[in-house]
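A.B. asks: The structure under discussion is supplied below as C-alpha coordinates; questions concerning it will follow.
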Amino acid sequence: MEKWAGKVAVVTGASGGIGAGICKELVRAGMIVCGFSRRVDQVEAIRATLFDVPGQLIPVCCSNDEESIVFSFKWVDRTYERVDLLVNSDEDVTNCLLLDDNNTNELCSVMETNLIGTCICTREAVKLMKKYDIKGNIVNINSIFGHKINVCVPGMRPINGMYPACKYAITAITECVRQELIYKESEIKISSISPGLVDTELLKKATDHEMVKFMPKLKAEDIADALKFILTRPMHVQVHDIIIKPNGEFL
(Lines give C-alpha, C1' and ligand atoms only; values in the text may rest on other atoms or scores of the structure.)
Protein backbone atom coordinates (compact mmCIF):
# COMPACT_ATOMS: atom_id res chain seq x y z
CA MET A 1 0.00 0.00 0.00
CA GLU A 2 3.04 2.31 0.04
CA LYS A 3 2.20 3.68 -3.41
CA TRP A 4 -1.15 4.97 -2.07
CA ALA A 5 0.36 7.09 0.72
CA GLY A 6 -0.59 10.75 0.30
CA LYS A 7 -3.20 10.02 -2.35
CA VAL A 8 -6.86 11.01 -2.05
CA ALA A 9 -9.77 8.62 -1.55
CA VAL A 10 -13.49 9.28 -1.43
CA VAL A 11 -15.42 6.75 0.64
CA THR A 12 -19.21 6.93 0.76
CA GLY A 13 -21.19 5.56 3.67
CA ALA A 14 -18.25 6.48 5.89
CA SER A 15 -20.12 6.84 9.17
CA GLY A 16 -20.43 3.15 10.03
CA GLY A 17 -20.20 -0.47 9.02
CA ILE A 18 -18.01 -1.43 6.07
CA GLY A 19 -17.46 2.20 5.03
CA ALA A 20 -16.05 3.12 8.44
CA GLY A 21 -13.79 0.07 8.48
CA ILE A 22 -12.43 0.97 5.05
CA CYS A 23 -11.82 4.58 6.08
CA LYS A 24 -9.74 3.45 9.05
CA GLU A 25 -7.57 1.10 7.01
CA LEU A 26 -6.94 3.63 4.24
CA VAL A 27 -5.96 6.31 6.77
CA ARG A 28 -3.58 3.85 8.42
CA ALA A 29 -2.08 3.29 4.96
CA GLY A 30 -1.35 7.02 4.71
CA MET A 31 -4.18 8.15 2.45
CA ILE A 32 -6.20 11.35 2.69
CA VAL A 33 -9.72 9.96 3.01
CA CYS A 34 -12.77 12.13 2.37
CA GLY A 35 -15.52 10.34 4.26
CA PHE A 36 -18.85 11.17 2.65
CA SER A 37 -21.86 10.80 4.94
CA ARG A 38 -25.00 12.57 6.09
CA ARG A 39 -23.89 11.79 9.64
CA VAL A 40 -20.66 13.76 9.73
CA ASP A 41 -20.66 13.74 13.52
CA GLN A 42 -20.13 9.98 13.42
CA VAL A 43 -17.31 10.35 10.89
CA GLU A 44 -15.79 12.96 13.18
CA ALA A 45 -16.02 10.48 16.07
CA ILE A 46 -14.15 7.90 13.98
CA ARG A 47 -11.47 10.46 13.15
CA ALA A 48 -11.01 11.13 16.87
CA THR A 49 -10.04 7.48 17.41
CA LEU A 50 -7.25 7.52 14.83
CA PHE A 51 -4.08 8.38 16.73
CA ASP A 52 -0.53 8.39 15.37
CA VAL A 53 -1.51 7.43 11.83
CA PRO A 54 0.13 8.75 8.65
CA GLY A 55 -3.10 9.62 6.83
CA GLN A 56 -6.11 11.84 7.47
CA LEU A 57 -9.86 11.30 7.66
CA ILE A 58 -11.84 14.32 6.49
CA PRO A 59 -15.60 14.28 7.23
CA VAL A 60 -17.64 15.59 4.28
CA CYS A 61 -21.39 16.13 4.65
CA CYS A 62 -23.05 14.50 1.66
CA SER A 63 -26.46 12.97 1.06
CA ASN A 64 -27.61 10.81 -1.86
CA ASP A 65 -29.12 13.53 -4.04
CA GLU A 66 -27.27 14.74 -7.11
CA GLU A 67 -26.82 18.33 -5.94
CA SER A 68 -25.14 17.25 -2.72
CA ILE A 69 -22.88 14.71 -4.43
CA VAL A 70 -21.75 17.15 -7.15
CA PHE A 71 -21.11 19.87 -4.53
CA SER A 72 -19.04 17.45 -2.42
CA PHE A 73 -16.86 16.39 -5.34
CA LYS A 74 -16.31 20.02 -6.29
CA TRP A 75 -15.12 20.62 -2.72
CA VAL A 76 -12.67 17.72 -3.07
CA ASP A 77 -11.47 19.18 -6.38
CA ARG A 78 -10.92 22.64 -4.93
CA THR A 79 -9.22 21.29 -1.82
CA TYR A 80 -7.00 18.50 -3.16
CA GLU A 81 -7.12 18.79 -6.96
CA ARG A 82 -7.31 15.03 -7.39
CA VAL A 83 -9.19 11.83 -6.62
CA ASP A 84 -7.26 8.57 -6.82
CA LEU A 85 -9.79 6.17 -5.35
CA LEU A 86 -13.56 6.02 -5.01
CA VAL A 87 -15.16 3.42 -2.76
CA ASN A 88 -18.93 3.24 -3.13
CA SER A 89 -19.89 1.65 0.17
CA ASP A 90 -23.35 3.01 0.95
CA GLU A 91 -25.32 0.32 2.75
CA ASP A 92 -29.10 0.29 2.86
CA VAL A 93 -29.96 -3.11 4.26
CA THR A 94 -33.73 -3.29 4.19
CA ASN A 95 -36.53 -5.81 4.06
CA CYS A 96 -38.67 -3.52 1.92
CA LEU A 97 -40.89 -5.77 -0.21
CA LEU A 98 -42.09 -4.88 -3.69
CA LEU A 99 -45.67 -5.99 -3.00
CA ASP A 100 -46.14 -4.10 0.27
CA ASP A 101 -48.82 -1.41 0.26
CA ASN A 102 -47.93 2.28 0.31
CA ASN A 103 -44.18 1.68 0.08
CA THR A 104 -43.33 3.84 -2.94
CA ASN A 105 -41.27 6.31 -0.90
CA GLU A 106 -39.30 3.51 0.71
CA LEU A 107 -38.68 1.81 -2.64
CA CYS A 108 -37.45 5.09 -4.11
CA SER A 109 -35.15 5.63 -1.13
CA VAL A 110 -33.66 2.14 -1.50
CA MET A 111 -33.02 2.63 -5.22
CA GLU A 112 -31.64 6.14 -4.76
CA THR A 113 -29.18 5.05 -2.08
CA ASN A 114 -27.98 1.86 -3.70
CA LEU A 115 -28.11 2.74 -7.38
CA ILE A 116 -28.51 6.41 -8.30
CA GLY A 117 -26.04 7.63 -5.67
CA THR A 118 -23.49 5.03 -6.79
CA CYS A 119 -23.85 6.05 -10.44
CA ILE A 120 -23.50 9.77 -9.75
CA CYS A 121 -20.50 9.30 -7.46
CA THR A 122 -18.83 7.14 -10.12
CA ARG A 123 -19.49 9.74 -12.80
CA GLU A 124 -18.06 12.59 -10.73
CA ALA A 125 -14.99 10.60 -9.65
CA VAL A 126 -14.21 9.64 -13.25
CA LYS A 127 -14.48 13.32 -14.25
CA LEU A 128 -11.81 14.28 -11.71
CA MET A 129 -9.56 11.35 -12.54
CA LYS A 130 -9.67 12.31 -16.22
CA LYS A 131 -9.20 16.00 -15.42
CA TYR A 132 -5.94 15.29 -13.59
CA ASP A 133 -4.88 12.32 -15.77
CA ILE A 134 -5.06 9.88 -12.85
CA LYS A 135 -5.13 6.14 -13.45
CA GLY A 136 -7.37 5.63 -10.46
CA ASN A 137 -9.55 2.91 -9.01
CA ILE A 138 -13.27 2.65 -8.35
CA VAL A 139 -14.47 -0.10 -6.03
CA ASN A 140 -18.14 -0.91 -5.48
CA ILE A 141 -19.02 -2.64 -2.23
CA ASN A 142 -21.54 -5.13 -3.54
CA SER A 143 -22.97 -8.20 -1.78
CA ILE A 144 -23.29 -11.94 -2.15
CA PHE A 145 -26.92 -10.98 -2.86
CA GLY A 146 -25.63 -9.44 -6.08
CA HIS A 147 -25.04 -12.98 -7.33
CA LYS A 148 -27.78 -15.08 -5.75
CA ILE A 149 -31.09 -14.84 -3.92
CA ASN A 150 -31.66 -17.11 -0.95
CA VAL A 151 -34.58 -19.52 -1.01
CA CYS A 152 -37.49 -18.30 1.08
CA VAL A 153 -38.86 -20.62 3.75
CA PRO A 154 -42.63 -21.16 3.21
CA GLY A 155 -44.67 -19.07 5.60
CA MET A 156 -41.72 -16.87 6.60
CA ARG A 157 -41.28 -13.28 5.49
CA PRO A 158 -38.60 -13.25 2.75
CA ILE A 159 -35.23 -12.37 4.24
CA ASN A 160 -34.12 -10.63 1.06
CA GLY A 161 -36.68 -7.90 0.41
CA MET A 162 -35.65 -5.73 -2.55
CA TYR A 163 -32.01 -5.67 -1.45
CA PRO A 164 -30.83 -8.33 -3.95
CA ALA A 165 -32.46 -6.43 -6.81
CA CYS A 166 -30.25 -3.45 -5.97
CA LYS A 167 -27.13 -5.56 -5.61
CA TYR A 168 -27.71 -7.45 -8.87
CA ALA A 169 -27.87 -3.99 -10.42
CA ILE A 170 -24.51 -3.08 -8.83
CA THR A 171 -23.03 -6.20 -10.45
CA ALA A 172 -24.33 -4.99 -13.82
CA ILE A 173 -23.28 -1.37 -13.23
CA THR A 174 -19.71 -2.46 -12.46
CA GLU A 175 -19.46 -4.32 -15.77
CA CYS A 176 -21.20 -1.56 -17.73
CA VAL A 177 -18.80 1.07 -16.38
CA ARG A 178 -15.82 -1.20 -17.11
CA GLN A 179 -16.89 -1.46 -20.73
CA GLU A 180 -17.51 2.29 -20.98
CA LEU A 181 -14.04 3.05 -19.58
CA ILE A 182 -12.54 0.78 -22.25
CA TYR A 183 -14.58 2.57 -24.91
CA LYS A 184 -13.26 5.93 -23.64
CA GLU A 185 -9.69 4.53 -23.72
CA SER A 186 -9.31 5.14 -20.01
CA GLU A 187 -6.94 3.20 -17.74
CA ILE A 188 -9.18 3.76 -14.70
CA LYS A 189 -10.03 0.40 -13.13
CA ILE A 190 -13.34 -0.60 -11.56
CA SER A 191 -13.89 -3.55 -9.26
CA SER A 192 -16.55 -5.04 -7.03
CA ILE A 193 -16.35 -6.71 -3.62
CA SER A 194 -19.24 -9.03 -2.78
CA PRO A 195 -19.26 -10.07 0.88
CA GLY A 196 -21.58 -12.42 2.67
CA LEU A 197 -22.96 -11.40 6.05
CA VAL A 198 -20.88 -8.72 7.73
CA ASP A 199 -21.21 -7.99 11.45
CA THR A 200 -22.22 -4.32 11.46
CA GLU A 201 -24.72 -2.22 13.36
CA LEU A 202 -26.77 -1.89 10.18
CA LEU A 203 -27.24 -5.65 10.04
CA LYS A 204 -28.34 -5.77 13.66
CA LYS A 205 -30.93 -3.05 13.10
CA ALA A 206 -32.21 -4.19 9.74
CA THR A 207 -33.23 -7.79 10.30
CA ASP A 208 -35.99 -9.35 12.31
CA HIS A 209 -34.92 -12.90 11.47
CA GLU A 210 -33.73 -14.78 14.55
CA MET A 211 -31.57 -17.16 12.50
CA VAL A 212 -29.29 -14.34 11.35
CA LYS A 213 -28.06 -13.88 14.92
CA PHE A 214 -26.50 -17.34 14.84
CA MET A 215 -25.01 -17.26 11.34
CA PRO A 216 -21.25 -16.80 10.86
CA LYS A 217 -20.28 -13.28 9.88
CA LEU A 218 -17.37 -11.36 8.43
CA LYS A 219 -15.86 -8.26 10.01
CA ALA A 220 -15.61 -4.88 8.29
CA GLU A 221 -11.82 -5.30 8.45
CA ASP A 222 -12.10 -8.36 6.21
CA ILE A 223 -13.68 -6.26 3.49
CA ALA A 224 -10.98 -3.62 3.91
CA ASP A 225 -8.34 -6.34 3.45
CA ALA A 226 -10.01 -7.39 0.19
CA LEU A 227 -9.92 -3.75 -0.93
CA LYS A 228 -6.20 -3.54 -0.18
CA PHE A 229 -5.65 -6.67 -2.28
CA ILE A 230 -7.31 -4.95 -5.24
CA LEU A 231 -5.31 -1.76 -4.76
CA THR A 232 -1.96 -3.54 -4.61
CA ARG A 233 -2.27 -5.38 -7.93
CA PRO A 234 -0.02 -4.20 -10.78
CA MET A 235 -1.44 -1.77 -13.31
CA HIS A 236 -2.07 -4.45 -15.94
CA VAL A 237 -4.23 -6.50 -13.54
CA GLN A 238 -7.87 -5.66 -12.90
CA VAL A 239 -9.64 -7.63 -10.19
CA HIS A 240 -13.21 -7.63 -11.44
CA ASP A 241 -15.01 -9.10 -8.45
CA ILE A 242 -14.12 -10.68 -5.13
CA ILE A 243 -16.73 -12.90 -3.47
CA ILE A 244 -15.88 -13.27 0.19
CA LYS A 245 -17.85 -15.40 2.66
CA PRO A 246 -17.47 -16.13 6.35
CA ASN A 247 -16.16 -19.61 7.00
CA GLY A 248 -19.12 -21.91 7.63
CA GLU A 249 -21.74 -19.85 5.80
CA PHE A 250 -24.53 -22.26 4.89
CA LEU A 251 -26.79 -20.14 2.65
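Every chain in the C-alpha coordinates has a letter given in the order shown (A, B, ...), and although residue numbers restart at 1 in each chain, ligands are simply numbered from 1 in the order shown.
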Can you tell me, as a ChimeraX atom specification, which residues in region 114-216 of chain A count as alpha helix (DSSP H) by DSSP?
C.D. replies: /A:117-131,163-183,201-206
A.B. asks: Generate a file of the selected residues that holds N, CA and C atoms, formatted as a short mmCIF file (atom, residue, chain, number, x, y, z; two decimals), in the first residue's frame.
C.D. replies:
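As a result, selection_9.cif now contains:
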data_model
loop_
_atom_site.label_atom_id
_atom_site.label_comp_id
_atom_site.auth_asym_id
_atom_site.auth_seq_id
_atom_site.Cartn_x
_atom_site.Cartn_y
_atom_site.Cartn_z
N GLY A 117 -27.20 7.01 -6.34
CA GLY A 117 -26.04 7.63 -5.67
C GLY A 117 -24.74 7.02 -6.14
N THR A 118 -24.70 5.70 -6.31
CA THR A 118 -23.49 5.03 -6.79
C THR A 118 -23.12 5.51 -8.19
N CYS A 119 -24.11 5.62 -9.06
CA CYS A 119 -23.85 6.05 -10.44
C CYS A 119 -23.32 7.48 -10.49
N ILE A 120 -23.93 8.37 -9.72
CA ILE A 120 -23.50 9.77 -9.75
C ILE A 120 -22.10 9.92 -9.16
N CYS A 121 -21.84 9.24 -8.06
CA CYS A 121 -20.50 9.30 -7.46
C CYS A 121 -19.45 8.79 -8.44
N THR A 122 -19.77 7.70 -9.13
CA THR A 122 -18.83 7.14 -10.12
C THR A 122 -18.58 8.13 -11.23
N ARG A 123 -19.63 8.75 -11.73
CA ARG A 123 -19.49 9.74 -12.80
C ARG A 123 -18.59 10.89 -12.38
N GLU A 124 -18.83 11.44 -11.18
CA GLU A 124 -18.06 12.59 -10.73
C GLU A 124 -16.61 12.22 -10.44
N ALA A 125 -16.37 11.03 -9.91
CA ALA A 125 -14.99 10.60 -9.65
C ALA A 125 -14.22 10.43 -10.96
N VAL A 126 -14.87 9.82 -11.95
CA VAL A 126 -14.21 9.64 -13.25
C VAL A 126 -13.87 10.99 -13.87
N LYS A 127 -14.76 11.97 -13.73
CA LYS A 127 -14.48 13.32 -14.25
C LYS A 127 -13.18 13.86 -13.66
N LEU A 128 -13.01 13.74 -12.35
CA LEU A 128 -11.81 14.28 -11.71
C LEU A 128 -10.57 13.47 -12.07
N MET A 129 -10.71 12.16 -12.15
CA MET A 129 -9.56 11.35 -12.54
C MET A 129 -9.09 11.70 -13.94
N LYS A 130 -10.04 11.92 -14.85
CA LYS A 130 -9.67 12.31 -16.22
C LYS A 130 -9.10 13.72 -16.25
N LYS A 131 -9.67 14.62 -15.45
CA LYS A 131 -9.20 16.00 -15.42
C LYS A 131 -7.73 16.09 -15.04
N TYR A 163 -33.46 -5.88 -1.51
CA TYR A 163 -32.01 -5.67 -1.45
C TYR A 163 -31.27 -6.39 -2.58
N PRO A 164 -31.55 -7.68 -2.86
CA PRO A 164 -30.83 -8.33 -3.95
C PRO A 164 -31.04 -7.67 -5.31
N ALA A 165 -32.22 -7.11 -5.54
CA ALA A 165 -32.46 -6.43 -6.81
C ALA A 165 -31.47 -5.28 -7.00
N CYS A 166 -31.22 -4.55 -5.92
CA CYS A 166 -30.25 -3.45 -5.97
C CYS A 166 -28.84 -3.97 -6.21
N LYS A 167 -28.50 -5.05 -5.52
CA LYS A 167 -27.13 -5.56 -5.61
C LYS A 167 -26.87 -6.26 -6.94
N TYR A 168 -27.87 -6.93 -7.50
CA TYR A 168 -27.71 -7.45 -8.87
C TYR A 168 -27.43 -6.29 -9.82
N ALA A 169 -28.09 -5.17 -9.58
CA ALA A 169 -27.87 -3.99 -10.42
C ALA A 169 -26.44 -3.47 -10.27
N ILE A 170 -25.90 -3.51 -9.04
CA ILE A 170 -24.51 -3.08 -8.83
C ILE A 170 -23.55 -3.98 -9.61
N THR A 171 -23.84 -5.29 -9.64
CA THR A 171 -23.03 -6.20 -10.45
C THR A 171 -23.04 -5.77 -11.91
N ALA A 172 -24.21 -5.42 -12.42
CA ALA A 172 -24.33 -4.99 -13.82
C ALA A 172 -23.67 -3.63 -14.04
N ILE A 173 -23.87 -2.71 -13.10
CA ILE A 173 -23.28 -1.37 -13.23
C ILE A 173 -21.75 -1.46 -13.30
N THR A 174 -21.17 -2.32 -12.46
CA THR A 174 -19.71 -2.46 -12.46
C THR A 174 -19.21 -2.88 -13.83
N GLU A 175 -19.88 -3.87 -14.45
CA GLU A 175 -19.46 -4.32 -15.77
C GLU A 175 -19.74 -3.27 -16.84
N CYS A 176 -20.87 -2.60 -16.74
CA CYS A 176 -21.20 -1.56 -17.73
C CYS A 176 -20.18 -0.42 -17.70
N VAL A 177 -19.80 0.00 -16.49
CA VAL A 177 -18.80 1.07 -16.38
C VAL A 177 -17.44 0.59 -16.89
N ARG A 178 -17.08 -0.65 -16.60
CA ARG A 178 -15.82 -1.20 -17.11
C ARG A 178 -15.76 -1.12 -18.62
N GLN A 179 -16.86 -1.51 -19.27
CA GLN A 179 -16.89 -1.46 -20.73
C GLN A 179 -16.83 -0.02 -21.24
N GLU A 180 -17.52 0.89 -20.54
CA GLU A 180 -17.51 2.29 -20.98
C GLU A 180 -16.12 2.90 -20.84
N LEU A 181 -15.41 2.54 -19.76
CA LEU A 181 -14.04 3.05 -19.58
C LEU A 181 -13.12 2.56 -20.69
N ILE A 182 -13.32 1.31 -21.12
CA ILE A 182 -12.54 0.78 -22.25
C ILE A 182 -12.86 1.57 -23.51
N TYR A 183 -14.15 1.82 -23.73
CA TYR A 183 -14.58 2.57 -24.91
C TYR A 183 -13.95 3.97 -24.92
N GLU A 201 -23.52 -2.71 12.68
CA GLU A 201 -24.72 -2.22 13.36
C GLU A 201 -25.92 -2.19 12.42
N LEU A 202 -25.68 -1.92 11.15
CA LEU A 202 -26.77 -1.89 10.18
C LEU A 202 -27.45 -3.25 10.07
N LEU A 203 -26.66 -4.31 10.11
CA LEU A 203 -27.24 -5.65 10.04
C LEU A 203 -28.09 -5.94 11.27
N LYS A 204 -27.59 -5.54 12.43
CA LYS A 204 -28.34 -5.77 13.66
C LYS A 204 -29.68 -5.04 13.66
N LYS A 205 -29.71 -3.85 13.10
CA LYS A 205 -30.93 -3.05 13.10
C LYS A 205 -31.90 -3.47 12.01
N ALA A 206 -31.39 -4.03 10.94
CA ALA A 206 -32.21 -4.19 9.74
C ALA A 206 -32.98 -5.49 9.70
#
A.B. asks: Just to confirm, what's the straight-line distance from CA of Arg47 (chain A) to CA of Tyr80 (chain A) in Å (one decimal)?
C.D. replies: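 Between CA of Arg47 (chain A) and CA of Tyr80 (chain A) the gap works out to 18.7 Å.
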A.B. asks: Fewer than 5 positions away in the same chain doesn't count, so skip those; otherwise give me all residues within 9 Å of region 28-38 of chain A, counting only C-alpha atoms, as JSON, numbers by chain.
C.D. replies: {"A": [1, 2, 4, 5, 6, 7, 8, 9, 10, 11, 12, 13, 14, 15, 19, 20, 23, 43, 50, 52, 53, 54, 55, 56, 57, 58, 59, 60, 61, 62, 63, 64, 69, 72, 76, 90]}
A.B. asks: CA of Asn247 (chain A) to CA of Ile230 (chain A): how many Å, to one decimal?
C.D. replies: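 Taking CA of Asn247 (chain A) and CA of Ile230 (chain A), their separation equals 21.0 Å.
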A.B. asks: Write down as a ChimeraX atom specification the residues of region 107-171 of chain A whose backbone DSSP state falls under strand (DSSP E or B).
C.D. replies: /A:137-141
A.B. asks: Enter the distance from CA of Asn150 (chain A) to CA of Thr200 (chain A), in Å, rounded to one decimal.
C.D. replies: 20.2 Å
